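Heads up, the thing below is written out as C-alpha cells.
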Amino acid sequence: MEKNYIPFTEEMKKDYTVLVPNMLPMHFTLICKVMENFGLHAELLTSSGPKIKETGLKYVHNDTCYPALLVIGQFIDALQSGAYDPHKTALILFQTGGGCRASNYINLLRKALEKAGFGYVPVISMSLSGLEDHPGFRLTLPMIRRVLHAILYADLLMLLKNQCRSYEIRPGDSEALAELWTERLARELDAGKKISYRKVKENYRKILADFSRIPRAEESKIRVGIVGEIFVKYSPLGNNNLEEFLVKEGAEVTVPGLLDFCMYCVYNNMMDTELLGRNKKQYRLWRMIYRFFLRKQKDLIACIEEHSDFTPPTAFDHTVTLIKGYIGIGAKMGEGWLLTAEMLELSEKGIKNIVCAQPFGCLPNHICGKGMMRPLKEKNPDINIVAIDYDAGATAVNQENRIKLMLANHSK
C-alpha cells in the first residue's frame with residue numbers, strides 16, 4: 001500500500017462528507033442517493049468553468065491525462081472553496097482497475113492533495129476490482145443492485161431526453177422533465193426500503209408516458225452519435241458541452257448508456273478466464289453478475305418497445321458480436337473493443353455520423369478509436385467519423401470547427 005494511503009474508516013461515516021466528481025449529472029445524482037442509503041453522506045460536485053482546469057494544472061503535470069487533471073482540479077477547488085471542512089471530508093474515485101493510466105488517478109490525486117496541503121484527506125476507490133480496502137466503504141451486492149437500478153433509470157432518462165430535445169416545440173421541456181424524474185427517483189432510492197422490481201418497471205412505464213407527451217415537431221434532423229473515452233464522452237466539463245453544441249447545430253444526439261461500460265468491465269473479467277485462464281475461482285460470480293445485468297437491460301429494452309415509439313438501446317450480448325472481423329475481444333485497455341463496438345452499433349441503427357472523443361495522448365482510444373476508423377470506413381463506406389482530442393491546451397473553437405465540417409459532410 002502506498003505511503004500516503006489514508007483509509008476511510010467506519011467512524012468517518014458518521015460525520016464525513018464524501019465528495020463525488022461529476023461525470024454524468026443524472027447518473028451520479030442517483031448514485032449519491034444510493035450511497036446515502038448505505039450510510040454515507042455523499043455530495044455531487046457541480047462546479048465548472050476555466051478555474052477547474054487551472055486548478056488541475058497547478059497541482060498535476062500538464063501531460064497528465066486530461067480527465068484526471070479535471071477531476072483533481074474539481075476536488076482541490078472544492079476543498080479550497082471554504083464550503084467544506086477538509087478535516088471532515090473524503091473524496092471518492094470510480095475506477096475500473098484496468099491497464100490504462102486511469103488506474104493511477106488515485107496516486108496522482110493523493111500527491112496533488114499533499115502538494116495543496118490536504119494530504120490528510122481520505123480518497124476512496126470505488127472499484128469492482130477491489131483495488132484498495134476501506135473499512136467504511138464496502139461495495140456489497142445489495143449496493144451494486146441499487147447502483148444498477150440507478151444506472152438503468154438514468155440511462156433511460158438520458159436516452160429519452162436526447163431523442164426529444166432536438167424536436168421539442170417548447171424549448172427546455174425535455175431537460176425539465178428529466179430533472180423532475182431525477183429528483184423523484186433520488187427520493188425513492190434514498191427511502192431505505194427494499195427496492196421492488198415491479199415498482200422499477202412501473203417507473204419505466206411512467207417515464208416513457210411522460211416523455212411521449214412532450215410536444216415534438218415532425219421533422220428530420222442529422223443524427224450524431226458520441227463515443228470515446230468514458231469521461232470525455234459523457235462529461236460536459238470534459239468535452240466543452242459537446243451535446244449542447246450538437247443540439248444547437250441542429251443535430252439529434254445519441255450517446256451509449258453507462259450500463260454498457262459497466263457490462264463491458266464485467267464481461268472482460270469473464271474473458272480473463274476464458275482467454276487467459278485467470279480468476280477461475282471468481283468466474284462464476286462474474287458470469288452471474290453479467291447475466292443479471294443483461295436480464296435487467298433486456299427488461300428495459302422490452303418496456304421501451306412495448307410502451308413507446310422511442311428507439312431502445314442495443315442489448316449488450318448483440319453489441320459484443322459486432323466486433324467480429326474488426327478487433328479482438330482481448331483488446332480491453334481503457335474503452336478497448338467497446339469503443340469500436342459502439343461505433344458499429346450506432347451505424348447499425350442508422351446513425352452514420354459519429355464524434356469519437358478522447359483525451360489527447362490516450363493510447364487505448366487512439367488505437368481502438370482513431371486506429372479503427374480506416375477499417376470501419378472500408379467496410380462501411382457510408383460511415384462519417386471525426387476524431388476530436390480534448391486537452392488543457394486545446395481550444396473549443398478548433399474542436400467545434402472540425403465538428404461543423406463533419407456536419408457539413410454528414411451522411412444520411
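Residue numbering restarts at 1 in every chain; chains get A, B, ... in the order shown in the C-alpha cells, and ligands count up from 1 in that same order.
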
| task | Identify, with DSSP run on backbone atoms, the residues in range 88-292 of chain A assigned to alpha helix (DSSP H), and express the list as a PyMOL selection string. | result | chain A and resi 105-116+141-165+173-189+197-212+230-234+242-248+258-276+283-292

Determine, for each residue of range 182-299 of chain A having at least one atom at most 7 Å from an atom of range 143-156 of chain A, the closest pair of atoms and their separation in Å to one decimal, counting only C-alpha atoms; order by chain and ascending number, as JSON lines.
{"residue": "A:Gly257", "atom": "CA", "partner": "A:Asp155", "partner_atom": "CA", "distance": 5.2}
{"residue": "A:Leu258", "atom": "CA", "partner": "A:Asp155", "partner_atom": "CA", "distance": 6.6}
{"residue": "A:Leu259", "atom": "CA", "partner": "A:Ile151", "partner_atom": "CA", "distance": 6.4}

| said: Can you pull out the residues contacting Lys13 in chain A? Cut-off 9 Å, using only C-alpha atoms, and skip same-chain residues under 4 positions away; I want them as a PyMOL selection string. | reply: chain A and resi 8-9+17-18+39-41+136-137

| request: Using DSSP on the backbone coordinates, identify all residues within range 209-241 of chain A classified as strand (DSSP E); present the result as a VMD selection string. | output: chain A and resid 222 to 228

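Excluding Ile106 in chain A itself and same-chain residues fewer than 4 positions from it, the residues having an atom within 8 Å of it are A:Leu93, A:Arg110, A:Val123, A:Ser125, counting only C-alpha atoms.
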
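Here CA of Ala178 in chain A is placed at a distance of 6.7 Å from CA of Lys161 in chain A.
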
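Straight-line separation from CA of Tyr290 in chain A to CA of Val320 in chain A: 12.8 Å.
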
| field | Residues within 7 Å of Asn162 in chain A, only C-alpha atoms, excluding chain neighbours under 6 positions, as number ranges by chain | value | A: 252-254

Resulting file, chosen residues, N, CA and C atoms, as a compact mmCIF listing (two decimals), in the first residue's frame:
# COMPACT_ATOMS: atom_id res chain seq x y z
N GLU A 252 -29.65 15.60 -33.75
CA GLU A 252 -30.17 14.74 -32.69
C GLU A 252 -29.00 13.91 -32.18
N VAL A 253 -28.77 13.95 -30.88
CA VAL A 253 -27.59 13.32 -30.29
C VAL A 253 -27.94 11.95 -29.72
N THR A 254 -27.06 10.99 -29.93
CA THR A 254 -27.19 9.67 -29.31
C THR A 254 -25.89 9.35 -28.59

| note | Here CA of Ile323 in chain A and CA of Glu345 in chain A stand apart by 9.5 Å

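Neighbours of Ser212 in chain A closer than or equal to 9 Å, with only C-alpha atoms counted and sequence neighbours fewer than 5 positions away skipped, come out as Leu160, Cys164, Ile207, Ser308, Asp309 and Phe310 of chain A.
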
Within 9 Å of range 354-360 of chain A: each range 37-155 of chain A residue with its shortest pair, only C-alpha atoms, as a Markdown table:
| residue | atom | partner | partner_atom | distance |
| --- | --- | --- | --- | --- |
| A:Cys65 | CA | A:Pro359 | CA | 6.7 |
| A:Tyr66 | CA | A:Pro359 | CA | 5.7 |
| A:Pro67 | CA | A:Pro359 | CA | 7.3 |

Residue subset to file, keeping C-alpha atoms, as a PDB file, in the first residue's frame:
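This is the output file again.pdb:
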ATOM      1  CA  CYS A  65      -4.469  12.501 -18.677  1.00  0.00           C
ATOM      2  CA  TYR A  66      -6.998  15.311 -19.192  1.00  0.00           C
ATOM      3  CA  PRO A  67      -9.865  13.657 -17.223  1.00  0.00           C
TER       4      PRO A  67
END

| Near range 224-226 of chain A, counting only C-alpha atoms, which residues have an atom at most 10 Å away, once you skip same-chain residues fewer than 5 positions from it, shown as a PyMOL selection string? | chain A and resi 232-234+242-243+246-247+251-256+342-343+345-347+350-357+384-385+406-407+410-411

| field | Selected residue of minimal separation from Lys332 in chain A among A:Val266, A:Val121, A:Ala186, A:Leu109, counting only C-alpha atoms | value | A:Val266

| Among the residues A:Thr340, A:Thr311, A:Asn401, A:Asn107, the one that comes closest to Met373 in chain A [using only C-alpha atoms] | A:Thr340
